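To be precise, the following lines are target_15.txt, and they hold compact mmCIF, C-alpha atoms and all ligand atoms.
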# COMPACT_ATOMS: atom_id res chain seq x y z
CA MET A 300 -14.43 -22.91 16.37
CA ALA A 301 -13.91 -21.89 19.98
CA GLU A 302 -13.21 -18.22 20.71
CA THR A 303 -10.06 -19.28 22.57
CA SER A 304 -8.44 -20.47 19.35
CA LYS A 305 -7.05 -17.11 18.26
CA LYS A 306 -3.82 -18.44 16.84
CA ALA A 307 -1.33 -16.69 14.56
CA PHE A 308 2.25 -17.33 13.50
CA VAL A 309 5.33 -16.12 11.68
CA THR A 310 6.94 -18.52 9.29
CA GLY A 311 10.35 -18.38 7.62
CA HIS A 312 13.43 -20.53 7.20
CA PRO A 313 15.32 -20.00 9.47
CA ILE A 314 12.96 -18.20 11.87
CA LYS A 315 14.46 -18.45 15.35
CA HIS A 316 15.89 -14.90 15.30
CA SER A 317 12.55 -13.30 14.41
CA ARG A 318 11.42 -10.55 16.79
CA SER A 319 7.80 -10.85 15.65
CA PRO A 320 6.76 -13.22 18.49
CA MET A 321 8.04 -10.65 20.98
CA ILE A 322 6.11 -7.81 19.30
CA HIS A 323 2.81 -9.67 19.01
CA GLY A 324 3.27 -11.32 22.41
CA HIS A 325 3.60 -7.85 23.95
CA TRP A 326 0.37 -6.68 22.31
CA LEU A 327 -1.53 -9.85 23.29
CA VAL A 328 -0.67 -9.25 26.95
CA LYS A 329 -1.31 -5.50 26.69
CA HIS A 330 -4.82 -6.06 25.35
CA GLY A 331 -5.60 -9.08 27.54
CA ILE A 332 -6.31 -11.24 24.50
CA GLU A 333 -6.38 -14.99 24.86
CA GLY A 334 -4.35 -15.87 21.85
CA SER A 335 -0.99 -17.05 20.66
CA TYR A 336 1.60 -16.02 18.09
CA ARG A 337 4.42 -18.44 17.46
CA ALA A 338 7.40 -18.83 15.15
CA ILE A 339 7.20 -21.83 12.82
CA ASP A 340 10.19 -22.94 10.76
CA VAL A 341 8.97 -24.30 7.44
CA ALA A 342 11.39 -25.52 4.77
CA PRO A 343 10.60 -24.27 1.24
CA GLU A 344 9.55 -27.75 0.04
CA ASN A 345 6.89 -27.89 2.77
CA PHE A 346 5.50 -24.39 2.37
CA ALA A 347 2.61 -25.24 0.00
CA GLU A 348 1.36 -27.90 2.41
CA PHE A 349 1.77 -25.52 5.33
CA LEU A 350 -0.52 -23.01 3.56
CA ALA A 351 -3.04 -25.71 2.64
CA THR A 352 -3.42 -26.89 6.26
CA LEU A 353 -3.52 -23.49 8.00
CA GLN A 354 -7.25 -23.36 8.49
CA ALA A 355 -7.53 -26.99 9.58
CA ASN A 356 -4.85 -26.23 12.16
CA GLY A 357 -6.93 -23.39 13.58
CA TYR A 358 -4.83 -20.43 12.47
CA ARG A 359 -6.45 -17.06 11.80
CA GLY A 360 -3.42 -16.08 9.80
CA GLY A 361 0.17 -15.04 10.24
CA ASN A 362 3.29 -13.40 8.91
CA VAL A 363 5.55 -14.73 6.20
CA THR A 364 9.20 -13.86 5.91
CA ILE A 365 12.31 -14.89 3.99
CA PRO A 366 12.35 -17.09 1.92
CA HIS A 367 8.57 -17.57 1.61
CA LYS A 368 7.26 -14.14 0.58
CA GLU A 369 7.10 -14.95 -3.13
CA ALA A 370 5.70 -18.45 -2.57
CA ALA A 371 2.99 -16.92 -0.38
CA PHE A 372 2.25 -14.41 -3.14
CA ALA A 373 1.68 -17.30 -5.55
CA GLY A 374 -0.11 -19.53 -3.04
CA VAL A 375 -2.95 -17.33 -1.71
CA ALA A 376 -6.45 -17.20 -3.22
CA ARG A 377 -6.73 -13.39 -3.07
CA ARG A 378 -4.26 -10.54 -2.65
CA ASP A 379 -4.53 -6.92 -1.58
CA HIS A 380 -3.35 -4.03 -3.75
CA ALA A 381 -0.03 -3.56 -1.93
CA ALA A 382 0.90 -7.24 -2.36
CA ASP A 383 0.19 -7.03 -6.08
CA GLU A 384 2.26 -3.87 -6.41
CA ILE A 385 5.20 -5.22 -4.39
CA GLY A 386 5.07 -8.76 -5.78
CA ALA A 387 5.37 -10.39 -2.35
CA VAL A 388 3.12 -11.31 0.59
CA ASN A 389 4.11 -10.85 4.25
CA THR A 390 0.69 -11.15 5.95
CA LEU A 391 -1.94 -13.89 5.65
CA TRP A 392 -5.52 -13.96 6.92
CA PHE A 393 -8.86 -15.61 6.21
CA GLU A 394 -12.01 -13.87 5.05
CA ASP A 395 -15.08 -16.12 4.82
CA GLY A 396 -12.83 -19.13 4.49
CA THR A 397 -10.74 -17.59 1.70
CA LEU A 398 -6.98 -17.20 2.23
CA TRP A 399 -5.86 -13.62 1.61
CA GLY A 400 -2.32 -12.31 1.27
CA GLY A 401 -1.28 -8.73 1.88
CA ASN A 402 1.91 -6.76 2.16
CA THR A 403 2.38 -4.36 5.07
CA ASP A 404 6.09 -3.58 4.58
CA GLY A 405 5.36 -0.37 2.66
CA HIS A 406 2.92 0.69 5.37
CA GLY A 407 5.59 -0.02 8.00
CA PHE A 408 8.13 2.06 6.13
CA ALA A 409 5.82 5.07 5.72
CA ALA A 410 4.40 4.88 9.26
CA ASN A 411 7.95 4.84 10.68
CA LEU A 412 8.80 8.05 8.83
CA ASP A 413 5.45 9.58 9.85
CA ASP A 414 6.36 8.86 13.49
CA HIS A 415 9.91 10.20 13.36
CA ALA A 416 10.11 12.67 10.46
CA PRO A 417 6.63 14.14 9.92
CA GLY A 418 6.31 15.92 6.57
CA TRP A 419 8.88 13.62 4.96
CA ALA A 420 6.72 12.93 1.91
CA SER A 421 6.85 16.54 0.75
CA ASN A 422 10.57 16.97 1.39
CA GLY A 423 11.65 16.62 -2.26
CA PRO A 424 13.10 13.88 -4.46
CA ALA A 425 13.79 10.48 -2.85
CA VAL A 426 16.93 8.45 -3.53
CA VAL A 427 16.46 4.71 -2.89
CA LEU A 428 19.59 2.57 -2.62
CA GLY A 429 18.99 -1.03 -3.71
CA ALA A 430 16.58 -2.82 -6.02
CA GLY A 431 15.60 -6.01 -4.15
CA GLY A 432 12.40 -7.00 -2.37
CA ALA A 433 12.73 -4.37 0.35
CA SER A 434 13.23 -1.68 -2.26
CA ARG A 435 9.96 -2.65 -3.97
CA ALA A 436 8.04 -2.11 -0.73
CA VAL A 437 9.71 1.27 -0.20
CA ILE A 438 9.03 2.45 -3.75
CA HIS A 439 5.41 1.35 -3.49
CA ALA A 440 5.00 3.40 -0.30
CA LEU A 441 6.75 6.44 -1.78
CA LYS A 442 4.39 6.37 -4.76
CA GLU A 443 1.33 5.92 -2.55
CA ARG A 444 2.40 8.93 -0.51
CA GLY A 445 2.78 11.07 -3.61
CA VAL A 446 6.56 11.41 -3.86
CA GLY A 447 6.88 12.49 -7.48
CA ASP A 448 10.61 11.96 -8.09
CA ILE A 449 11.96 8.55 -6.99
CA ARG A 450 15.55 7.74 -7.97
CA ILE A 451 16.60 4.10 -7.67
CA VAL A 452 20.35 3.52 -7.45
CA ASN A 453 21.67 -0.01 -7.69
CA ARG A 454 24.98 -1.81 -8.17
CA THR A 455 23.29 -3.92 -10.85
CA LEU A 456 21.67 -1.29 -13.04
CA ALA A 457 19.46 -3.83 -14.82
CA ARG A 458 17.57 -4.53 -11.56
CA ALA A 459 16.95 -0.82 -11.02
CA ILE A 460 15.64 -0.55 -14.59
CA GLU A 461 13.31 -3.49 -13.94
CA LEU A 462 11.81 -1.64 -10.98
CA ARG A 463 11.54 1.61 -12.90
CA ASP A 464 9.59 -0.24 -15.60
CA ARG A 465 7.44 -1.94 -12.97
CA PHE A 466 6.48 1.22 -11.08
CA GLY A 467 6.43 3.69 -13.99
CA GLY A 468 5.88 7.46 -13.80
CA GLY A 469 8.23 9.47 -11.59
CA VAL A 470 10.63 6.56 -11.02
CA SER A 471 14.11 6.61 -12.56
CA ALA A 472 17.02 4.10 -12.51
CA HIS A 473 20.70 4.95 -12.02
CA PRO A 474 24.10 3.29 -11.61
CA LEU A 475 26.12 3.72 -8.38
CA ALA A 476 28.39 6.23 -10.07
CA ALA A 477 25.47 8.69 -10.35
CA THR A 478 24.72 8.70 -6.59
CA GLY A 479 26.59 11.90 -5.70
CA GLU A 480 24.78 13.93 -8.35
CA LEU A 481 21.40 12.50 -7.37
CA LEU A 482 21.86 13.37 -3.69
CA ARG A 483 22.48 17.08 -4.25
CA ASP A 484 18.80 18.10 -4.32
CA ALA A 485 17.28 15.07 -2.57
CA GLY A 486 14.93 15.38 0.41
CA LEU A 487 15.04 11.72 1.44
CA LEU A 488 17.69 9.00 1.25
CA VAL A 489 16.66 5.42 1.99
CA ASN A 490 19.10 2.52 2.20
CA THR A 491 17.46 -0.83 1.41
CA THR A 492 20.71 -2.71 0.78
CA ALA A 493 22.36 -5.00 3.29
CA LEU A 494 25.39 -2.68 3.41
CA GLY A 495 25.90 -1.63 7.02
CA MET A 496 24.04 -4.62 8.43
CA GLN A 497 25.81 -6.46 11.24
CA GLY A 498 28.02 -9.08 9.60
CA ASN A 499 28.15 -7.15 6.32
CA GLU A 500 30.53 -4.40 7.39
CA GLY A 501 33.16 -5.75 5.04
CA LEU A 502 30.99 -5.29 1.96
CA SER A 503 32.38 -1.86 1.29
CA ALA A 504 33.45 -2.11 -2.30
CA ASP A 505 31.45 -3.17 -5.30
CA PRO A 506 33.09 -6.37 -6.53
CA ARG A 507 32.40 -5.07 -10.04
CA GLY A 508 34.88 -2.25 -9.58
CA GLN A 509 33.16 0.86 -8.27
CA PRO A 510 33.36 1.57 -4.52
CA ALA A 511 29.96 2.76 -3.28
CA ASP A 512 31.66 5.36 -1.10
CA PRO A 513 35.27 5.90 -0.04
CA ARG A 514 34.33 5.09 3.58
CA GLY A 515 32.39 1.96 2.67
CA LEU A 516 28.97 3.56 3.11
CA PRO A 517 26.24 2.84 0.58
CA ALA A 518 26.19 6.62 -0.13
CA ASP A 519 27.81 9.78 1.24
CA PRO A 520 25.28 11.81 3.29
CA ARG A 521 27.61 14.83 3.24
CA LEU A 522 26.39 15.44 -0.31
CA LEU A 523 22.75 15.88 0.77
CA PRO A 524 21.12 19.28 1.38
CA ASP A 525 20.54 20.40 4.98
CA HIS A 526 16.82 19.58 5.02
CA ALA A 527 17.26 15.96 3.90
CA VAL A 528 16.06 12.98 5.97
CA VAL A 529 18.11 9.75 5.98
CA ASN A 530 16.50 6.38 6.70
CA ASP A 531 18.10 2.95 6.84
CA ILE A 532 15.77 -0.02 6.83
CA VAL A 533 18.50 -2.12 8.45
CA TYR A 534 17.99 -2.17 12.25
CA VAL A 535 20.87 -4.35 13.43
CA PRO A 536 22.81 -2.32 14.39
CA LEU A 537 20.21 0.31 15.23
CA GLU A 538 22.54 3.09 14.17
CA THR A 539 24.18 1.94 10.97
CA PRO A 540 27.38 3.61 9.74
CA LEU A 541 25.23 5.49 7.17
CA LEU A 542 22.96 6.91 9.89
CA ALA A 543 25.95 7.78 12.07
CA ALA A 544 27.53 9.70 9.17
CA ALA A 545 24.24 11.47 8.43
CA ARG A 546 23.83 12.44 12.08
CA ALA A 547 27.42 13.74 12.16
CA ARG A 548 26.50 15.86 9.13
CA GLY A 549 23.56 17.29 11.14
CA LEU A 550 20.81 15.58 9.15
CA LYS A 551 17.58 14.13 10.50
CA THR A 552 17.94 10.34 10.72
CA VAL A 553 15.38 7.55 11.17
CA ASP A 554 16.43 3.99 12.00
CA GLY A 555 14.80 0.85 10.62
CA LEU A 556 13.26 -0.59 13.79
CA GLY A 557 10.04 1.41 13.44
CA MET A 558 9.41 -0.20 10.06
CA LEU A 559 9.49 -3.65 11.66
CA LEU A 560 7.18 -2.54 14.48
CA ASN A 561 4.71 -0.75 12.22
CA GLN A 562 4.48 -3.50 9.61
CA ALA A 563 3.15 -5.76 12.39
CA VAL A 564 0.15 -3.53 13.20
CA PRO A 565 -2.31 -4.46 10.39
CA GLY A 566 -1.78 -8.21 10.86
CA PHE A 567 -2.43 -8.09 14.60
CA GLU A 568 -5.63 -6.15 13.95
CA ARG A 569 -6.87 -8.72 11.42
CA TRP A 570 -6.18 -11.78 13.61
CA PHE A 571 -7.00 -10.42 17.04
CA GLY A 572 -9.50 -7.61 16.34
CA VAL A 573 -7.67 -4.72 18.03
CA ARG A 574 -5.46 -2.15 16.30
CA PRO A 575 -2.33 -2.08 18.49
CA LYS A 576 -0.02 0.89 19.01
CA VAL A 577 3.70 1.19 18.42
CA THR A 578 4.80 2.68 21.73
CA ALA A 579 8.11 3.70 23.29
CA GLU A 580 7.62 0.77 25.68
CA LEU A 581 7.44 -1.75 22.82
CA ARG A 582 10.42 -0.16 21.10
CA SER A 583 12.52 -0.39 24.29
CA LEU A 584 11.60 -4.04 24.67
CA ILE A 585 12.93 -4.86 21.21
CA VAL A 586 15.95 -2.57 21.53
CA ALA A 587 16.95 -4.44 24.69
CA ASP A 588 16.79 -7.67 22.72
CA LEU A 589 18.98 -6.25 19.92
CA VAL A 590 21.84 -5.51 22.28
CA PRO A 591 24.34 -8.32 21.82
CA LYS A 592 24.25 -10.53 24.86
CA SER A 593 27.45 -10.11 26.85
CA PRO A 594 29.33 -13.36 27.43
CA ALA A 595 28.46 -15.18 30.61
CA PRO A 596 30.86 -14.24 33.45
CA LYS A 597 33.56 -16.80 34.09
CA PRO A 598 33.14 -18.70 37.36
P1 LIG B 1 16.11 -7.64 -0.12
O1 LIG B 1 14.96 -8.51 -0.55
O2 LIG B 1 16.39 -7.67 1.34
O3 LIG B 1 16.00 -6.26 -0.64
P2 LIG B 1 17.94 -8.60 -2.19
O4 LIG B 1 16.82 -8.86 -3.14
O5 LIG B 1 19.01 -9.62 -2.04
O6 LIG B 1 17.43 -8.35 -0.70
O7 LIG B 1 18.60 -7.19 -2.57
C1 LIG B 1 19.74 -6.72 -1.94
C2 LIG B 1 20.10 -5.33 -2.49
O8 LIG B 1 21.32 -4.93 -1.87
C3 LIG B 1 20.34 -5.31 -3.97
O9 LIG B 1 19.96 -4.07 -4.48
C4 LIG B 1 21.86 -5.50 -4.05
O10 LIG B 1 22.45 -5.02 -5.23
P3 LIG B 1 22.50 -5.95 -6.56
O11 LIG B 1 21.12 -5.92 -7.16
O12 LIG B 1 23.52 -5.33 -7.41
O13 LIG B 1 22.90 -7.34 -6.07
C5 LIG B 1 22.29 -4.64 -2.88
N1 LIG B 1 23.64 -4.99 -2.38
C6 LIG B 1 24.00 -6.08 -1.68
N2 LIG B 1 25.32 -6.06 -1.42
C7 LIG B 1 25.82 -4.93 -1.96
C8 LIG B 1 27.13 -4.32 -2.05
N3 LIG B 1 28.20 -4.88 -1.51
N4 LIG B 1 27.25 -3.15 -2.70
C9 LIG B 1 26.18 -2.56 -3.25
N5 LIG B 1 24.92 -3.07 -3.22
C10 LIG B 1 24.75 -4.24 -2.59

Would you kindly transcribe this structure into structure tokens?
Ligand code: ATR
Amino acid sequence: MAETSKKAFVTGHPIKHSRSPMIHGHWLVKHGIEGSYRAIDVAPENFAEFLATLQANGYRGGNVTIPHKEAAFAGVARRDHAADEIGAVNTLWFEDGTLWGGNTDGHGFAANLDDHAPGWASNGPAVVLGAGGASRAVIHALKERGVGDIRIVNRTLARAIELRDRFGGGVSAHPLAATGELLRDAGLLVNTTALGMQGNEGLSADPRGQPADPRGLPADPRLLPDHAVVNDIVYVPLETPLLAAARARGLKTVDGLGMLLNQAVPGFERWFGVRPKVTAELRSLIVADLVPKSPAPKP
């Protein structure tokens, strides 16, 4: 195969809002690599065929996002340790003709905190809000980095218990009503729920009765100790209401954009052979794209 055929992709359904082409496109130009990275919309019923024809179509690999992460997990020939732990695949590549699946979301999460809150892993107990796919990646990373007390809080307690049982030692499961008590001695608070995401501002109260927080936040950062770090994995808006409240309380805050940027690093290295850097320049490029486009001026 010609050296010029360094092709990679991101697939999801829908996929047109993905920022991944912008991130990888920036790195391709930066490193002068003759390659391409494009977004491909694949409907769930066509995903198996998409995987089966990747190599014939000349792809070195790519990223997988919603709703294909579990199908990719099931569809690859081999998986890395993180993918097995998280139960989902977000990065595909070939090794000697074999299709591998990995998961770099946990790496992205931890690298983001390393960049913006060094020392975070030895800051004390971690409270994780939410028990979905994103939460699994966060818990995996927390365990890898040696956080010994991980407290999962979820509206549906049964899902938090499932994760506790999956990850084992040092992980506990709690209902929303316990949040205040759990925050009192916590060193890290991570929101993995969609609460606070643009378009979800109205989701303040738990439809099953218990408001998450009187102000509609997923938790009240005023209850945290002074040394706590607060991270939201949501990045639209960049400063979520939770982060704004934590900042007002004087706490160290880390937004979710760095997780997106850092999760892209290992994939780029596998497909294109260079380990790229998450720089202020790249971050500004994506931040500019997050700003809602102002309406076109009237003639
Ligand atoms: P993802 O894969 O992005 O993590 P998910 O699997 O749909 O998405 O999980 C979303 C998480 O946000 C869940 O923990 C969900 O709580 P439930 O398990 O009880 O559904 C949480 N979540 C979503 N909306 C919420 C709300 N209004 N209040 C509290 N938690 C909410």

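The nearest approach to Leu441 (chain A) among the residues A:Leu488, A:Ala347, A:Leu494, A:Leu581, with only C-alpha atoms taken into account, belongs to A:Leu488.
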
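Reported to one decimal place, the separation of CA of Asn389 (chain A) from CA of Gln562 (chain A) is 9.1 Å.
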
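From CA of Glu538 (chain A) back to CA of Val586 (chain A), the distance works out to 11.4 Å.
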
Which residues of region 452-486 of chain A come within 6 Å of region 514-533 of chain A, and what is each one's closest atom pair and distance in Å (one decimal), counting only C-alpha atoms, sorted by chain and residue number, as a Markdown table?
| residue | atom | partner | partner_atom | distance |
| --- | --- | --- | --- | --- |
| A:Leu482 | CA | A:Leu523 | CA | 5.2 |
| A:Arg483 | CA | A:Leu523 | CA | 5.2 |
| A:Gly486 | CA | A:Ala527 | CA | 4.2 |

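In this model, the gap between CA of Glu344 (chain A) and CA of Gly357 (chain A) comes to 21.8 Å.
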
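Counting all atoms listed in the file and comparing A:Gly334, A:Gly467, A:Pro540, A:Gly498, the residue that lies closest to Gly572 (chain A) is A:Gly334.
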
Inset, instruction - List the neighbours of Gln354 (chain A) out to 10 Å using all atoms listed in the file; skip same-chain residues closer than 3 positions along the sequence, and give me the result as number ranges by chain. - result: A: 349-351, 357-360, 392-393, 396-398

Inset, instruction - Select, from A:Thr578, A:Ser471, A:Thr364, A:Ser583, the residue with the minimum atom-to-atom distance to ligand LIG 1 (chain B), counting only C-alpha atoms and all ligand atoms. - result: A:Thr364
